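Here's entry-v9.cif, which has mmCIF, C-alpha atoms and all ligand atoms:
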data_target
loop_
_atom_site.label_atom_id
_atom_site.label_comp_id
_atom_site.auth_asym_id
_atom_site.auth_seq_id
_atom_site.Cartn_x
_atom_site.Cartn_y
_atom_site.Cartn_z
CA MET A 949 0.00 0.00 0.00
CA HIS A 950 1.13 3.53 -0.87
CA THR A 951 2.86 5.34 2.02
CA ILE A 952 3.03 9.09 2.52
CA PRO A 953 6.35 10.88 1.86
CA GLN A 954 7.74 13.47 4.29
CA LEU A 955 7.65 16.72 2.30
CA GLY A 956 7.81 19.47 4.94
CA PHE A 957 5.79 22.71 4.71
CA GLY A 958 3.18 23.44 2.04
CA LEU A 959 0.43 25.80 0.95
CA SER A 960 -2.91 25.52 -0.84
CA LEU A 961 -2.64 26.25 -4.57
CA ARG A 962 -5.19 29.04 -5.14
CA ASN A 963 -5.89 30.61 -8.53
CA GLN A 964 -5.07 34.08 -7.08
CA HIS A 965 -1.46 32.89 -6.76
CA TRP A 966 -1.03 30.83 -9.94
CA ASN A 967 1.06 33.45 -11.76
CA ASP A 968 3.26 34.20 -8.75
CA VAL A 969 3.89 30.51 -8.08
CA LEU A 970 4.85 29.86 -11.70
CA THR A 971 7.12 32.90 -12.04
CA GLU A 972 8.70 32.93 -8.55
CA GLN A 973 8.83 29.14 -7.94
CA PRO A 974 9.30 29.76 -4.19
CA LYS A 975 11.73 27.34 -2.57
CA ASP A 976 10.34 27.85 0.95
CA VAL A 977 7.08 26.17 -0.13
CA GLN A 978 7.93 22.50 -0.39
CA TRP A 979 4.63 21.19 -1.72
CA PHE A 980 1.15 22.34 -2.72
CA GLU A 981 -2.32 21.06 -1.95
CA ILE A 982 -5.13 21.38 -4.50
CA ILE A 983 -8.88 21.08 -4.10
CA SER A 984 -9.41 18.00 -6.27
CA GLU A 985 -12.82 19.07 -7.59
CA ASN A 986 -11.33 22.26 -9.10
CA PHE A 987 -9.17 20.24 -11.48
CA MET A 988 -11.37 17.28 -12.40
CA HIS A 989 -12.09 18.60 -15.90
CA ASP A 990 -9.23 17.23 -17.99
CA HIS A 991 -8.78 20.30 -20.17
CA GLY A 992 -8.31 24.06 -20.05
CA TYR A 993 -6.04 26.54 -18.32
CA PRO A 994 -6.36 25.11 -14.75
CA ARG A 995 -4.91 21.80 -15.97
CA GLU A 996 -2.11 23.63 -17.81
CA VAL A 997 -1.17 25.48 -14.63
CA LEU A 998 -1.36 22.33 -12.54
CA ALA A 999 0.89 20.46 -14.99
CA LYS A 1000 3.51 23.22 -14.67
CA VAL A 1001 3.28 23.32 -10.87
CA ARG A 1002 3.49 19.53 -10.71
CA ALA A 1003 6.67 19.64 -12.79
CA SER A 1004 8.37 21.58 -9.96
CA TYR A 1005 6.55 20.50 -6.77
CA PRO A 1006 4.90 17.50 -5.14
CA VAL A 1007 1.13 18.05 -5.09
CA ALA A 1008 -1.45 16.58 -2.70
CA MET A 1009 -5.11 16.15 -3.67
CA HIS A 1010 -7.69 17.31 -1.11
CA GLY A 1011 -11.36 16.64 -1.89
CA VAL A 1012 -14.58 18.01 -0.43
CA SER A 1013 -17.21 15.78 -2.08
CA LEU A 1014 -16.46 12.16 -1.20
CA SER A 1015 -19.10 12.28 1.57
CA ILE A 1016 -17.54 9.18 3.10
CA GLY A 1017 -19.72 9.38 6.23
CA SER A 1018 -23.06 9.54 4.42
CA SER A 1019 -25.49 6.63 4.63
CA ASP A 1020 -25.76 6.96 0.83
CA PRO A 1021 -23.47 4.70 -1.26
CA ILE A 1022 -20.26 6.11 -2.81
CA ASN A 1023 -20.90 8.24 -5.89
CA LYS A 1024 -19.15 6.09 -8.52
CA THR A 1025 -19.06 8.87 -11.12
CA TYR A 1026 -17.24 11.11 -8.65
CA LEU A 1027 -14.85 8.33 -7.66
CA LYS A 1028 -14.03 7.64 -11.32
CA SER A 1029 -13.19 11.33 -11.88
CA LEU A 1030 -11.05 11.36 -8.72
CA LYS A 1031 -9.07 8.34 -9.92
CA ALA A 1032 -8.61 9.82 -13.40
CA LEU A 1033 -7.15 12.99 -11.87
CA ALA A 1034 -4.90 10.94 -9.55
CA ASP A 1035 -3.67 8.77 -12.43
CA TRP A 1036 -2.74 11.91 -14.37
CA LEU A 1037 -1.31 13.96 -11.48
CA GLN A 1038 0.43 11.22 -9.47
CA PRO A 1039 -0.24 13.11 -6.21
CA ALA A 1040 1.80 12.72 -3.05
CA TRP A 1041 -1.45 11.56 -1.38
CA ILE A 1042 -5.23 11.88 -1.62
CA SER A 1043 -7.42 13.20 1.19
CA ASP A 1044 -11.00 14.13 2.04
CA HIS A 1045 -13.03 14.72 5.23
CA ILE A 1046 -14.66 12.70 8.00
CA CYS A 1047 -18.07 14.09 7.24
CA TRP A 1048 -21.14 13.72 5.05
CA THR A 1049 -22.45 16.31 2.61
CA GLY A 1050 -26.00 14.94 2.30
CA VAL A 1051 -28.24 11.87 2.33
CA ASN A 1052 -30.96 10.62 -0.03
CA ASP A 1053 -29.12 12.07 -3.06
CA ILE A 1054 -29.20 15.64 -1.69
CA ASN A 1055 -25.95 17.63 -1.56
CA THR A 1056 -26.01 20.40 1.05
CA HIS A 1057 -22.48 21.49 -0.01
CA ASP A 1058 -21.52 21.58 3.66
CA LEU A 1059 -19.28 19.27 5.67
CA LEU A 1060 -21.75 17.84 8.19
CA PRO A 1061 -20.95 15.99 11.45
CA VAL A 1062 -21.13 12.21 11.67
CA PRO A 1063 -22.89 10.54 14.63
CA TYR A 1064 -20.15 8.81 16.62
CA THR A 1065 -21.94 5.48 16.87
CA GLU A 1066 -20.99 1.87 16.07
CA ASP A 1067 -23.28 1.59 13.04
CA ALA A 1068 -21.95 4.83 11.50
CA LEU A 1069 -18.40 3.58 12.08
CA THR A 1070 -19.03 0.18 10.48
CA HIS A 1071 -20.61 1.83 7.46
CA MET A 1072 -17.77 4.33 7.04
CA VAL A 1073 -15.08 1.65 7.39
CA SER A 1074 -16.63 -0.35 4.55
CA LYS A 1075 -16.81 2.76 2.35
CA VAL A 1076 -13.15 3.63 3.01
CA HIS A 1077 -12.16 0.06 2.04
CA GLN A 1078 -14.17 0.45 -1.16
CA VAL A 1079 -12.50 3.79 -2.03
CA GLN A 1080 -8.98 2.60 -1.21
CA ASN A 1081 -9.42 -0.59 -3.23
CA TYR A 1082 -10.61 1.42 -6.20
CA LEU A 1083 -7.86 4.05 -5.97
CA GLY A 1084 -5.17 1.46 -5.20
CA GLN A 1085 -3.82 3.51 -2.30
CA ARG A 1086 -4.51 4.59 1.26
CA ILE A 1087 -6.46 7.81 1.66
CA SER A 1088 -6.17 10.40 4.43
CA LEU A 1089 -9.33 11.68 6.11
CA GLU A 1090 -9.54 14.98 7.97
CA ASN A 1091 -11.02 15.43 11.43
CA PRO A 1092 -13.91 17.92 11.21
CA SER A 1093 -14.51 21.25 12.90
CA ASN A 1094 -17.57 20.27 14.88
CA TYR A 1095 -20.35 22.52 16.18
CA LEU A 1096 -23.06 20.01 17.05
CA ALA A 1097 -22.88 16.72 18.93
CA PHE A 1098 -25.56 14.05 18.58
CA SER A 1099 -27.13 13.08 21.91
CA GLU A 1100 -26.78 9.44 20.88
CA ASN A 1101 -23.01 9.53 20.37
CA THR A 1102 -21.55 6.47 22.07
CA MET A 1103 -17.88 7.39 21.73
CA THR A 1104 -15.72 10.48 21.63
CA GLU A 1105 -14.65 11.94 18.30
CA TRP A 1106 -11.10 10.74 18.81
CA ASP A 1107 -12.21 7.20 19.73
CA PHE A 1108 -14.33 7.11 16.57
CA ILE A 1109 -11.40 8.35 14.47
CA ILE A 1110 -8.91 5.91 16.01
CA GLN A 1111 -11.28 3.00 15.29
CA LEU A 1112 -11.77 4.28 11.75
CA LEU A 1113 -8.01 4.59 11.10
CA GLU A 1114 -7.29 1.10 12.41
CA GLN A 1115 -10.26 -0.78 10.95
CA ALA A 1116 -10.09 0.88 7.51
CA ASP A 1117 -6.26 1.08 7.46
CA CYS A 1118 -6.39 4.71 6.36
CA LEU A 1119 -4.50 7.82 7.49
CA LEU A 1120 -5.49 10.98 9.33
CA LEU A 1121 -5.22 14.48 7.94
CA LEU A 1122 -4.90 16.06 11.36
CA ASP A 1123 -6.34 19.56 11.32
CA ILE A 1124 -5.06 21.13 14.54
CA ASN A 1125 -7.31 24.17 14.21
CA ASN A 1126 -10.32 21.87 13.80
CA ILE A 1127 -9.34 20.05 17.00
CA TYR A 1128 -9.08 23.40 18.79
CA VAL A 1129 -12.46 24.58 17.45
CA THR A 1130 -14.22 21.27 18.19
CA CYS A 1131 -12.80 21.05 21.71
CA PHE A 1132 -13.68 24.67 22.45
CA ASN A 1133 -17.24 24.16 21.19
CA HIS A 1134 -17.79 20.94 23.15
CA LYS A 1135 -15.73 21.86 26.23
CA LEU A 1136 -13.21 19.09 25.65
CA ASN A 1137 -9.48 19.02 26.27
CA PRO A 1138 -7.52 19.26 22.98
CA GLN A 1139 -4.45 17.73 24.57
CA THR A 1140 -6.45 14.60 25.48
CA TYR A 1141 -7.58 14.41 21.84
CA ILE A 1142 -4.04 14.79 20.45
CA ASP A 1143 -2.58 12.35 22.98
CA ALA A 1144 -5.03 9.66 21.85
CA ILE A 1145 -4.15 9.79 18.15
CA PRO A 1146 -1.54 7.20 17.06
CA ALA A 1147 1.46 9.05 15.57
CA HIS A 1148 1.99 6.57 12.73
CA ARG A 1149 -1.51 7.25 11.39
CA ILE A 1150 -0.94 11.02 10.95
CA GLY A 1151 -0.10 11.74 7.31
CA GLN A 1152 -0.49 15.49 7.19
CA VAL A 1153 -1.35 18.48 9.36
CA HIS A 1154 -3.59 21.46 8.53
CA LEU A 1155 -3.40 24.81 10.30
CA ALA A 1156 -5.84 27.70 9.81
CA GLY A 1157 -7.41 30.71 11.51
CA HIS A 1158 -10.72 30.72 13.39
CA GLU A 1159 -13.15 33.32 14.72
CA TYR A 1160 -14.08 33.58 18.38
CA HIS A 1161 -17.80 34.11 19.14
CA GLY A 1162 -17.83 34.03 22.94
CA THR A 1163 -19.83 30.81 23.39
CA HIS A 1164 -18.21 29.05 20.43
CA THR A 1165 -15.55 29.37 17.72
CA ILE A 1166 -15.99 29.04 13.95
CA ASP A 1167 -13.41 27.62 11.56
CA THR A 1168 -13.23 30.62 9.20
CA HIS A 1169 -9.88 30.12 7.38
CA ASP A 1170 -9.70 33.89 6.92
CA ARG A 1171 -6.84 34.99 9.17
CA GLN A 1172 -3.55 34.02 10.77
CA VAL A 1173 -3.27 30.86 12.87
CA SER A 1174 -4.00 31.74 16.53
CA GLN A 1175 -1.35 31.50 19.25
CA ASP A 1176 -3.37 28.74 20.98
CA VAL A 1177 -3.47 26.66 17.81
CA LEU A 1178 0.24 27.24 17.21
CA ALA A 1179 0.95 26.03 20.74
CA LEU A 1180 -1.19 22.95 20.17
CA TYR A 1181 0.64 22.36 16.89
CA ALA A 1182 4.04 22.58 18.58
CA TYR A 1183 2.81 20.16 21.27
CA THR A 1184 1.70 17.74 18.54
CA MET A 1185 5.01 17.88 16.69
CA ARG A 1186 6.89 17.26 19.93
CA THR A 1187 4.79 14.30 20.96
CA LYS A 1188 4.10 12.72 17.54
CA GLY A 1189 7.16 13.67 15.49
CA GLN A 1190 7.39 16.09 12.56
CA LYS A 1191 4.58 15.79 10.02
CA ASN A 1192 3.79 17.37 6.65
CA THR A 1193 2.30 20.74 7.56
CA MET A 1194 0.15 23.15 5.58
CA VAL A 1195 -1.48 26.53 6.23
CA GLU A 1196 -5.04 26.90 4.89
CA TRP A 1197 -6.29 30.42 4.12
CA ASP A 1198 -9.43 30.25 1.97
CA ASN A 1199 -11.33 33.48 2.69
CA ASN A 1200 -9.98 37.05 2.51
CA ILE A 1201 -7.05 35.38 0.74
CA PRO A 1202 -3.88 37.49 1.01
CA ASP A 1203 -1.06 37.66 -1.55
CA LEU A 1204 1.47 34.85 -1.86
CA ALA A 1205 4.17 36.77 0.03
CA THR A 1206 1.86 37.05 3.09
CA LEU A 1207 1.05 33.36 2.94
CA ARG A 1208 4.72 32.46 2.70
CA ALA A 1209 5.41 34.68 5.72
CA GLU A 1210 2.65 32.89 7.64
CA LEU A 1211 4.15 29.52 6.72
CA ASP A 1212 7.51 30.78 7.94
CA ARG A 1213 5.94 31.95 11.23
CA VAL A 1214 4.56 28.42 11.72
CA ARG A 1215 7.97 26.91 10.93
CA GLN A 1216 9.72 29.23 13.40
CA PHE A 1217 7.16 28.61 16.13
CA ASN A 1218 7.56 24.89 15.71
CA GLU A 1219 11.32 25.16 16.06
CA GLU A 1220 11.40 27.51 19.03
CA SER A 1221 8.40 26.85 21.28
CA ALA A 1222 8.35 24.94 24.53
CA LEU A 1223 5.73 22.40 25.57
CA VAL A 1224 2.41 24.00 26.60
CA ASP A 1225 -0.20 22.38 28.81
CA PHE A 1226 -3.90 22.64 28.03
CA SER A 1227 -6.87 22.51 30.35
CA GLY A 1228 -10.53 21.79 29.75
CA ASP A 1229 -13.41 19.52 30.72
CA HIS A 1230 -13.61 16.06 29.26
CA THR A 1231 -17.21 15.01 28.74
CA GLN A 1232 -17.84 11.38 27.90
CA PRO A 1233 -20.82 10.59 25.66
CA ASN A 1234 -23.53 8.01 26.39
CA ALA A 1235 -22.65 4.34 26.44
CA ALA A 1236 -25.29 3.18 23.93
CA ASN A 1237 -27.49 4.66 21.22
CA ALA A 1238 -30.86 3.55 19.89
CA THR A 1239 -31.38 5.56 16.70
CA PRO A 1240 -29.68 4.31 13.50
CA PHE A 1241 -27.09 6.73 12.11
CA ASP A 1242 -28.93 7.18 8.79
CA ALA A 1243 -32.03 8.33 10.70
CA LEU A 1244 -29.90 10.81 12.69
CA MET A 1245 -28.46 12.16 9.43
CA GLY A 1246 -31.96 12.45 7.94
CA GLN A 1247 -33.18 14.48 10.94
CA PHE A 1248 -30.10 16.68 10.84
CA GLN A 1249 -30.42 17.36 7.10
CA SER A 1250 -34.15 18.04 7.36
CA CYS A 1251 -33.55 20.67 10.08
CA VAL A 1252 -30.79 22.33 8.01
CA LEU A 1253 -32.83 22.43 4.80
CA LYS A 1254 -36.12 23.51 6.43
CA ASN A 1255 -34.51 25.78 9.02
CA GLN A 1256 -36.22 23.87 11.84
CA GLU A 1257 -35.35 23.64 15.53
CA PRO A 1258 -33.36 20.46 16.29
CA GLY A 1259 -34.98 17.84 18.53
CA ALA A 1260 -33.52 15.81 21.38
CA TRP A 1261 -31.10 14.18 18.93
CA ALA A 1262 -28.89 17.28 19.25
CA HIS A 1263 -26.83 17.64 22.41
CA HIS A 1264 -27.97 20.82 24.18
CA ARG A 1265 -25.62 23.18 26.02
CA GLU A 1266 -26.77 25.88 28.43
CA ASP A 1267 -24.50 28.56 26.93
CA PHE A 1268 -24.63 27.35 23.30
CA ALA A 1269 -28.16 26.11 22.56
CA ALA A 1270 -28.72 23.28 20.08
CA ASN A 1271 -30.46 25.56 17.56
CA LYS A 1272 -27.43 27.89 17.62
CA GLN A 1273 -25.12 24.93 17.05
CA LEU A 1274 -27.23 23.90 14.05
CA ASN A 1275 -27.25 27.47 12.69
CA VAL A 1276 -23.48 27.29 12.12
CA TYR A 1277 -24.13 24.79 9.28
FE FE B 1301 -8.42 21.57 7.21
#
Could you render the structure from this file as structure tokens?
Ligand SMILES: [Fe+2]
Amino acid sequence: MHTIPQLGFGLSLRNQHWNDVLTEQPKDVQWFEIISENFMHDHGYPREVLAKVRASYPVAMHGVSLSIGSSDPINKTYLKSLKALADWLQPAWISDHICWTGVNDINTHDLLPVPYTEDALTHMVSKVHQVQNYLGQRISLENPSNYLAFSENTMTEWDFIIQLLEQADCLLLLDINNIYVTCFNHKLNPQTYIDAIPAHRIGQVHLAGHEYHGTHTIDTHDRQVSQDVLALYAYTMRTKGQKNTMVEWDNNIPDLATLRAELDRVRQFNEESALVDFSGDHTQPNAANATPFDALMGQFQSCVLKNQEPGAWAHHREDFAANKQLNVY
């Protein structure tokens, strides 16, 4: 099975920076990550640019439409396009998200949270096997930024992810900012989360900026990485070993020089920082659930599409009500 190379520090390849990347060929950026769906058409200028970038850099493919957590079957047309792009590009690795984008053939175009239950896990493991067999390589899946917990969750997010990684023999795209956001929103300890993840399963790290809203944080990708997230990143690198690291900045996108400076700030912080301790409550979910995961997804999607109040299936918090959690999606 394909293993992930150690490439160092990378950036997203955004069309705002195509010209600068091609003319400057910056040496401090060691690899680029693309959004797979933006290059699936096998013609035109985007493919020309990508061919030129690929001639000088390793490129990783990051998708947003696999919907691996959905109770729906894998979209075979999508998977075929993904494989065709991978066969052409020969990426360093292929990744997507631990999420679902819709059920019953609806695409909400959002990355929605999976119920952390045994039946959802079993279903996702079988879908990852199917995808990996088809692509002929391991995939990496990214931990989500999570705003809403299902009342019927029977395991923590990290326990779910560890089971997924082991049973499906896939890798984790560890988004440190997502861990920070999720733990802040659910009053969990990010250090406990990081400590639980097996180092050999981490293929890549994402870092990004988030927005603080008092009762919760939102993963906005529109600013510098926060000091707390940098500290958590440094802790992770010290306890898990150095991993391929990338800064995501997808909204209010600055020029390439600013992004390179941000990547350098991350690099410096990683080299110079000391270990930091984190505090926070650790809330364990229920021991057993009764509602099948596809029914939970159906209720979630229905509330999102019809703008309805969530029922008891959503975990309520005094200072961050369930309807406010749902409104983030
Ligand atoms: Fe990410």
* To do: Figure out the distance between atom CA of A:Ala1147 and atom CA of A:Leu1113, please, to one decimal in Å.
  =>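 Between atom CA of A:Leu1113 and atom CA of A:Ala1147 the gap works out to 11.4 Å.
From atom CA of A:Val997 back to atom CA of A:Glu972, the distance works out to 13.8 Å.
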* Could you pull the residues within 10 Å of stretch 1012-1014 of chain A, counting all atoms listed in the file, minus those fewer than 2 positions along the same chain, as a VMD selection string? -> chain A and resid 983 to 985 1010 1016 to 1018 1022 to 1024 1026 to 1027 1030 1043 to 1050 1055 1057 to 1059 1079
* Asked: Nearest to ligand FE 1301 (chain B): which of A:Asp1035, A:Glu996, A:Asp1053, A:Glu981 is it, counting all atoms listed in the file?
  -> A:Glu981
If you take every atom of stretch 1201-1213 of chain A that the file lists and fit an axis-aligned box around them with 5 Å extra on each side, what centre and edge lengths come out in Å to one decimal, as lines of an AutoDock Vina configuration file?
center_x = 0.2
center_y = 33.6
center_z = 4.7
size_x = 24.6
size_y = 18.1
size_z = 23.1
* If we count only C-alpha atoms, what is near stretch 1243-1255 of chain A at a cut-off of 9 Å, once residues fewer than 3 positions away on the same chain are taken out, given as a list in words? ->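 Using only C-alpha atoms, the neighbours found are Ser1018, Ser1019, Trp1048, Gly1050, Val1051, Asn1052, Thr1056, Leu1060, Pro1061, Val1062, Pro1063, Phe1098, Glu1100, Thr1239, Pro1240, Pro1258, Gly1259, Trp1261, Ala1262, Leu1274, Asn1275 and Tyr1277 of chain A.
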* Structure fact -> The residue from A:Val1173, A:Ile952, A:Ala1179, A:Ala1003 with the smallest atom-to-atom distance to A:Ala1209, counting all atoms listed in the file, is A:Val1173
* May I ask you to write as a list of chain:residue names all residues lying at most 7 Å from ligand FE 1301 (chain B), with all atoms listed in the file counted? =>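 With all atoms listed in the file and a cut-off of 7 Å, ligand FE 1301 (chain B) is contacted by A:Glu1090, A:Asp1123, A:Asn1126, A:His1154, A:Leu1155, A:Glu1196.
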* Asked: Out of A:Gln1115, A:Thr1187, A:Gln973, A:Asn1094, which residue has the shortest atom-to-atom distance to A:Gln1139 when counting only C-alpha atoms?
  -> A:Thr1187
With the cut-off set at 12 Å and counting only C-alpha atoms, tabulate each residue of stretch 1150-1208 of chain A with an atom at most that distance from an atom of stretch 1004-1008 of chain A, showing the nearest atom pair and its distance in Å to one decimal, ordered by chain and increasing number, as a tab-separated table.
residue	atom	partner	partner_atom	distance
A:Gly1151	CA	A:Ala1008	CA	11.2
A:Gln1152	CA	A:Ala1008	CA	10.0
A:Asn1192	CA	A:Ala1008	CA	10.7
A:Thr1193	CA	A:Ala1008	CA	11.7
A:Met1194	CA	A:Ala1008	CA	10.7
* **Interatomic distance (Å, one decimal) between atom CA of A:Leu961 and atom CA of A:Leu1121** => 17.4 Å
* Choose the residue, out of A:Leu1083, A:Glu1066, A:His1164, A:Tyr1141, that has the smallest atom-to-atom separation from A:Met1103; count only C-alpha atoms. => A:Glu1066
